[in-house]
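Structure, as structure tokens:
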Amino acid sequence: MGFERITESPSRHRHLEKQSIPDLLKGINEEDQTVAGCVEKAIPAIAAFVEVAADRMLAGGRLFYLGAGTSGRLGIVDASECPPTFGVPYGLVIGLIAGGEKAITQAVEHAEDDPDQGWKDLLPHQPTEKDILIGIAASGTTPYVIGALKRAREKGLLTASISCNPDSPVSQAAEYPIELVVGPEFVTGSTRMKSGTAQKLVLNMISTTLMIQLGRVEDNRMVNMQLVNDKLLDRGTRMLMEKRNIPSYDQARALLVQYGSVKKALEAISNEDARA
């Protein structure tokens with residue numbers, strides 16, 4: 001391929017089977033501590049992508065994550081957390097994995113090897129030029145991801161990639177390549193470790209920053225979160241009490257339940273104050 005497969009480089013740690021449990025844990029932790037610094041180096045590339053992606057989403061575009069194996073699962077996790085966290089509709093952020101739903105919990109042999117399948121998996125969602133595709137591939141060589149990025153780019157979608165080898169094929173296929181060169185894994189080639197951690201950090205950064213740009217966060221609070229359990233209902237109630245100086249927990253909770261989110265309750269209270 002003509003590029004360095006750093007993700008496949010031999011681990012710096014030897015004879016793991018002979019090490020004590022504390023030494024193994026210490027070694028893994030030492031490697032993990034290097035990840036944030038590698039992600040920091042990629043912030044300019046991440047920022048350049050997010051600025052353009054925010055404009056697309058404000059114009060009605062959707063965000064797609066697409067990957068295989070661990071990379072695909074990480075995209076699905078991030079996509080699935082956006083509706084309850086930020087109150088956006090399901091279908092605004094969508095995760096796709098090679099091999100389909102079965103691959104979320106089980107390895108599907110050769111699912112990542114078909115360069116045409118990624119785009120085929122996107123087609124039922126009727127992608128348009130407003131949409132965004134992020135291809136996630138630690139190795140940067142996954143045909144499923146590369147093929148989808150190439151077709152998406154041809155069709156006018158905004159494309160980005162997240163990989164952990166420099167100058168890989170997946171970077172060349174995307175308009176906005178994000179490279180997280182975290183180095184050899186603790187267990188040689190096990191990219192679910194540092195590479196996966198780095199990818200998860202960047203997905204957090206991208207989706208959270210985009211949601212803030214879309215107005216789904218006020219101050220530092222998730223005012224649009226879905227009230228899907230008692231913990232979130234309690235959190236929303238206390239937000240409402242704090243923001244509007246409501247002394248009664250029961251009153252604030254009743255308002256929250258009535259309007260369905262902190263943001264809507266605050267808007268309703270403001271409208272009532274304006275009419276008073």
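Ligands are numbered from 1 in the order shown, chains are lettered A, B, ... in the order of the structure tokens, and residues start at 1 in each chain.
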
- [ ] Within segment 56-244 of chain A, find each residue whose DSSP state, derived from the backbone, is strand (DSSP E), and express the selection as a PyMOL selection string.
- [x] chain A and resi 63-67+93-97+132-136+158-163+176-179

Task: Near-segment 234-244 of chain A list (10 Å; only C-alpha atoms; drop same-chain fewer than 2 positions) as a ChimeraX atom specification - done: /A:221-227,229-232,246-257,260-263,265-266,269-270

Please dump the current selection as an mmCIF file, in the first residue's frame; keep N, CA and C atoms.
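So selection01.cif came out as:
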data_model
loop_
_atom_site.group_PDB
_atom_site.id
_atom_site.type_symbol
_atom_site.label_atom_id
_atom_site.label_comp_id
_atom_site.auth_asym_id
_atom_site.auth_seq_id
_atom_site.Cartn_x
_atom_site.Cartn_y
_atom_site.Cartn_z
ATOM 1 N N ARG A 221 -25.488 22.706 30.073
ATOM 2 C CA ARG A 221 -26.537 21.760 30.443
ATOM 3 C C ARG A 221 -27.225 21.136 29.230
ATOM 4 N N MET A 222 -27.631 19.882 29.408
ATOM 5 C CA MET A 222 -28.353 19.141 28.367
ATOM 6 C C MET A 222 -29.842 19.449 28.479
ATOM 7 N N VAL A 223 -30.223 20.653 28.076
ATOM 8 C CA VAL A 223 -31.596 21.107 28.302
ATOM 9 C C VAL A 223 -32.609 20.402 27.403
ATOM 10 N N ASN A 224 -32.129 19.682 26.390
ATOM 11 C CA ASN A 224 -33.038 18.980 25.482
ATOM 12 C C ASN A 224 -33.054 17.473 25.708
ATOM 13 N N MET A 225 -32.397 17.008 26.768
ATOM 14 C CA MET A 225 -32.312 15.557 26.981
ATOM 15 C C MET A 225 -33.703 14.949 27.140
ATOM 16 N N GLN A 226 -33.837 13.717 26.661
ATOM 17 C CA GLN A 226 -35.097 13.000 26.793
ATOM 18 C C GLN A 226 -35.239 12.478 28.224
ATOM 19 N N LEU A 227 -36.443 12.606 28.760
ATOM 20 C CA LEU A 227 -36.688 12.217 30.150
ATOM 21 C C LEU A 227 -37.073 10.741 30.193
ATOM 22 N N ASN A 229 -35.742 8.245 32.097
ATOM 23 C CA ASN A 229 -35.633 7.497 33.354
ATOM 24 C C ASN A 229 -35.659 8.468 34.530
ATOM 25 N N ASP A 230 -35.746 7.924 35.725
ATOM 26 C CA ASP A 230 -35.873 8.758 36.926
ATOM 27 C C ASP A 230 -34.660 9.647 37.135
ATOM 28 N N LYS A 231 -33.475 9.146 36.797
ATOM 29 C CA LYS A 231 -32.257 9.945 36.977
ATOM 30 C C LYS A 231 -32.314 11.220 36.140
ATOM 31 N N LEU A 232 -32.702 11.071 34.867
ATOM 32 C CA LEU A 232 -32.756 12.239 33.980
ATOM 33 C C LEU A 232 -33.905 13.168 34.353
ATOM 34 N N ILE A 246 -37.094 28.188 41.174
ATOM 35 C CA ILE A 246 -38.324 27.553 41.644
ATOM 36 C C ILE A 246 -38.025 26.821 42.945
ATOM 37 N N PRO A 247 -38.614 27.229 44.042
ATOM 38 C CA PRO A 247 -38.257 26.622 45.333
ATOM 39 C C PRO A 247 -38.809 25.209 45.522
ATOM 40 N N SER A 248 -39.887 24.895 44.852
ATOM 41 C CA SER A 248 -40.560 23.613 45.057
ATOM 42 C C SER A 248 -40.110 22.579 44.034
ATOM 43 N N TYR A 249 -39.542 21.482 44.524
ATOM 44 C CA TYR A 249 -39.132 20.383 43.650
ATOM 45 C C TYR A 249 -40.339 19.824 42.905
ATOM 46 N N ASP A 250 -41.441 19.624 43.622
ATOM 47 C CA ASP A 250 -42.639 19.043 43.009
ATOM 48 C C ASP A 250 -43.199 19.938 41.910
ATOM 49 N N GLN A 251 -43.168 21.251 42.139
ATOM 50 C CA GLN A 251 -43.663 22.185 41.124
ATOM 51 C C GLN A 251 -42.797 22.130 39.869
ATOM 52 N N ALA A 252 -41.463 22.137 40.075
ATOM 53 C CA ALA A 252 -40.548 22.082 38.939
ATOM 54 C C ALA A 252 -40.699 20.769 38.180
ATOM 55 N N ARG A 253 -40.856 19.683 38.907
ATOM 56 C CA ARG A 253 -41.023 18.373 38.261
ATOM 57 C C ARG A 253 -42.320 18.331 37.439
ATOM 58 N N ALA A 254 -43.378 18.897 37.989
ATOM 59 C CA ALA A 254 -44.656 18.912 37.273
ATOM 60 C C ALA A 254 -44.547 19.711 35.978
ATOM 61 N N LEU A 255 -43.849 20.843 36.025
ATOM 62 C CA LEU A 255 -43.646 21.649 34.821
ATOM 63 C C LEU A 255 -42.832 20.881 33.776
ATOM 64 N N LEU A 256 -41.821 20.188 34.259
ATOM 65 C CA LEU A 256 -40.961 19.429 33.363
ATOM 66 C C LEU A 256 -41.747 18.316 32.670
ATOM 67 N N VAL A 257 -42.522 17.598 33.429
ATOM 68 C CA VAL A 257 -43.335 16.526 32.863
ATOM 69 C C VAL A 257 -44.356 17.090 31.880
ATOM 70 N N GLY A 260 -42.116 18.360 28.762
ATOM 71 C CA GLY A 260 -41.326 17.315 28.132
ATOM 72 C C GLY A 260 -39.825 17.518 28.080
ATOM 73 N N SER A 261 -39.345 18.732 28.317
ATOM 74 C CA SER A 261 -37.900 18.984 28.359
ATOM 75 C C SER A 261 -37.649 20.272 29.124
ATOM 76 N N VAL A 262 -36.432 20.435 29.605
ATOM 77 C CA VAL A 262 -36.064 21.662 30.313
ATOM 78 C C VAL A 262 -36.232 22.861 29.392
ATOM 79 N N LYS A 263 -35.767 22.738 28.165
ATOM 80 C CA LYS A 263 -35.836 23.859 27.223
ATOM 81 C C LYS A 263 -37.271 24.310 26.983
ATOM 82 N N ALA A 265 -39.892 23.767 28.878
ATOM 83 C CA ALA A 265 -40.455 24.310 30.111
ATOM 84 C C ALA A 265 -39.983 25.740 30.339
ATOM 85 N N LEU A 266 -38.712 26.001 30.082
ATOM 86 C CA LEU A 266 -38.181 27.358 30.249
ATOM 87 C C LEU A 266 -38.849 28.324 29.278
ATOM 88 N N ILE A 269 -42.379 29.084 30.551
ATOM 89 C CA ILE A 269 -42.343 29.988 31.703
ATOM 90 C C ILE A 269 -42.044 31.419 31.241
ATOM 91 N N SER A 270 -41.103 31.576 30.311
ATOM 92 C CA SER A 270 -40.750 32.900 29.794
ATOM 93 C C SER A 270 -41.926 33.544 29.081
#

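For the set A:Val88, A:Ala68, A:Leu63, A:Leu96, the residue with the smallest atom-to-atom gap to Ile132 of chain A is A:Leu63, counting only C-alpha atoms.
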
- [ ] Using DSSP on the backbone, list every residue of segment 26-255 of chain A that comes out as alpha helix (DSSP H), and give them as a ChimeraX atom specification.
- [x] /A:26-32,35-41,43-58,69-86,117-122,143-154,169-173,194-213,230-244,249-255

Atoms to include: C-alpha atoms. Write the selected residues as a compact mmCIF listing (two decimals), in the first residue's frame.
# COMPACT_ATOMS: atom_id res chain seq x y z
CA LYS A 26 -0.06 -0.73 34.76
CA GLY A 27 1.23 -1.37 31.24
CA ILE A 28 -2.21 -0.94 29.69
CA ASN A 29 -2.76 2.24 31.68
CA GLU A 30 0.61 3.66 30.64
CA GLU A 31 -0.29 3.15 26.99
CA ASP A 32 -3.75 4.65 27.47
CA VAL A 35 -3.96 8.62 23.70
CA ALA A 36 -5.23 12.08 24.67
CA GLY A 37 -2.02 13.70 23.48
CA CYS A 38 -2.35 12.01 20.08
CA VAL A 39 -5.95 13.22 19.82
CA GLU A 40 -4.85 16.76 20.71
CA LYS A 41 -2.58 16.82 17.66
CA ILE A 43 -7.74 19.00 16.79
CA PRO A 44 -7.02 21.30 13.80
CA ALA A 45 -8.26 18.58 11.41
CA ILE A 46 -11.28 17.85 13.60
CA ALA A 47 -12.15 21.55 13.86
CA ALA A 48 -11.93 22.08 10.10
CA PHE A 49 -14.37 19.23 9.56
CA VAL A 50 -16.82 20.21 12.31
CA GLU A 51 -17.11 23.78 11.02
CA VAL A 52 -18.26 22.55 7.61
CA ALA A 53 -20.38 19.73 9.06
CA ALA A 54 -22.24 22.13 11.34
CA ASP A 55 -23.32 24.21 8.35
CA ARG A 56 -24.60 21.08 6.61
CA MET A 57 -26.59 19.97 9.64
CA LEU A 58 -28.03 23.44 10.20
CA GLY A 69 -15.88 -4.30 13.70
CA THR A 70 -14.90 -2.16 16.67
CA SER A 71 -14.93 0.99 14.53
CA GLY A 72 -18.49 0.34 13.40
CA ARG A 73 -19.66 -0.44 16.93
CA LEU A 74 -18.18 2.80 18.25
CA GLY A 75 -20.08 4.76 15.61
CA ILE A 76 -23.32 3.02 16.53
CA VAL A 77 -22.80 3.77 20.22
CA ASP A 78 -22.22 7.47 19.56
CA ALA A 79 -25.20 7.73 17.20
CA SER A 80 -27.53 5.93 19.62
CA GLU A 81 -26.62 8.29 22.46
CA CYS A 82 -27.44 11.52 20.60
CA PRO A 83 -31.28 11.37 20.88
CA PRO A 84 -31.47 10.75 24.65
CA THR A 85 -28.61 13.13 25.44
CA PHE A 86 -29.50 16.04 23.17
CA GLN A 117 -21.55 -2.84 0.41
CA GLY A 118 -21.01 0.33 2.44
CA TRP A 119 -22.77 2.50 -0.13
CA LYS A 120 -25.48 -0.15 -0.53
CA ASP A 121 -26.09 0.05 3.24
CA LEU A 122 -26.47 3.82 2.95
CA PRO A 143 -12.72 -1.78 1.71
CA TYR A 144 -16.27 -1.42 3.10
CA VAL A 145 -15.41 2.06 4.38
CA ILE A 146 -13.19 3.21 1.51
CA GLY A 147 -15.76 2.25 -1.11
CA ALA A 148 -18.56 4.05 0.72
CA LEU A 149 -16.49 7.22 1.10
CA LYS A 150 -15.61 7.27 -2.59
CA ARG A 151 -19.22 6.86 -3.69
CA ALA A 152 -20.49 9.36 -1.13
CA ARG A 153 -17.97 11.92 -2.29
CA GLU A 154 -19.02 11.38 -5.91
CA PRO A 169 -6.26 4.75 1.73
CA VAL A 170 -9.23 5.81 3.85
CA SER A 171 -7.62 9.22 4.42
CA GLN A 172 -7.15 9.60 0.68
CA ALA A 173 -10.82 8.75 0.06
CA LYS A 194 -5.71 2.54 22.12
CA SER A 195 -7.02 3.01 18.60
CA GLY A 196 -10.59 2.37 19.76
CA THR A 197 -10.16 4.71 22.70
CA ALA A 198 -8.86 7.46 20.40
CA GLN A 199 -11.75 6.96 17.98
CA LYS A 200 -14.27 7.12 20.82
CA LEU A 201 -12.75 10.37 22.10
CA VAL A 202 -12.99 11.96 18.66
CA LEU A 203 -16.56 10.79 18.11
CA ASN A 204 -17.46 12.35 21.47
CA MET A 205 -15.79 15.58 20.38
CA ILE A 206 -17.48 15.68 16.98
CA SER A 207 -21.03 14.86 18.07
CA THR A 208 -20.95 17.02 21.20
CA THR A 209 -19.56 20.04 19.38
CA LEU A 210 -22.07 19.62 16.56
CA MET A 211 -24.97 19.38 19.02
CA ILE A 212 -23.81 22.55 20.76
CA GLN A 213 -23.69 24.28 17.37
CA ASP A 230 -35.87 8.76 36.93
CA LYS A 231 -32.26 9.94 36.98
CA LEU A 232 -32.76 12.24 33.98
CA LEU A 233 -36.11 13.42 35.30
CA ASP A 234 -34.47 14.36 38.58
CA ARG A 235 -31.60 16.09 36.80
CA GLY A 236 -34.01 18.08 34.63
CA THR A 237 -36.10 19.06 37.64
CA ARG A 238 -33.07 20.43 39.45
CA MET A 239 -31.98 22.32 36.32
CA LEU A 240 -35.39 23.96 36.15
CA MET A 241 -35.30 24.87 39.85
CA GLU A 242 -31.87 26.44 39.42
CA LYS A 243 -32.55 28.35 36.22
CA ARG A 244 -35.92 29.80 37.30
CA TYR A 249 -39.13 20.38 43.65
CA ASP A 250 -42.64 19.04 43.01
CA GLN A 251 -43.66 22.18 41.12
CA ALA A 252 -40.55 22.08 38.94
CA ARG A 253 -41.02 18.37 38.26
CA ALA A 254 -44.66 18.91 37.27
CA LEU A 255 -43.65 21.65 34.82
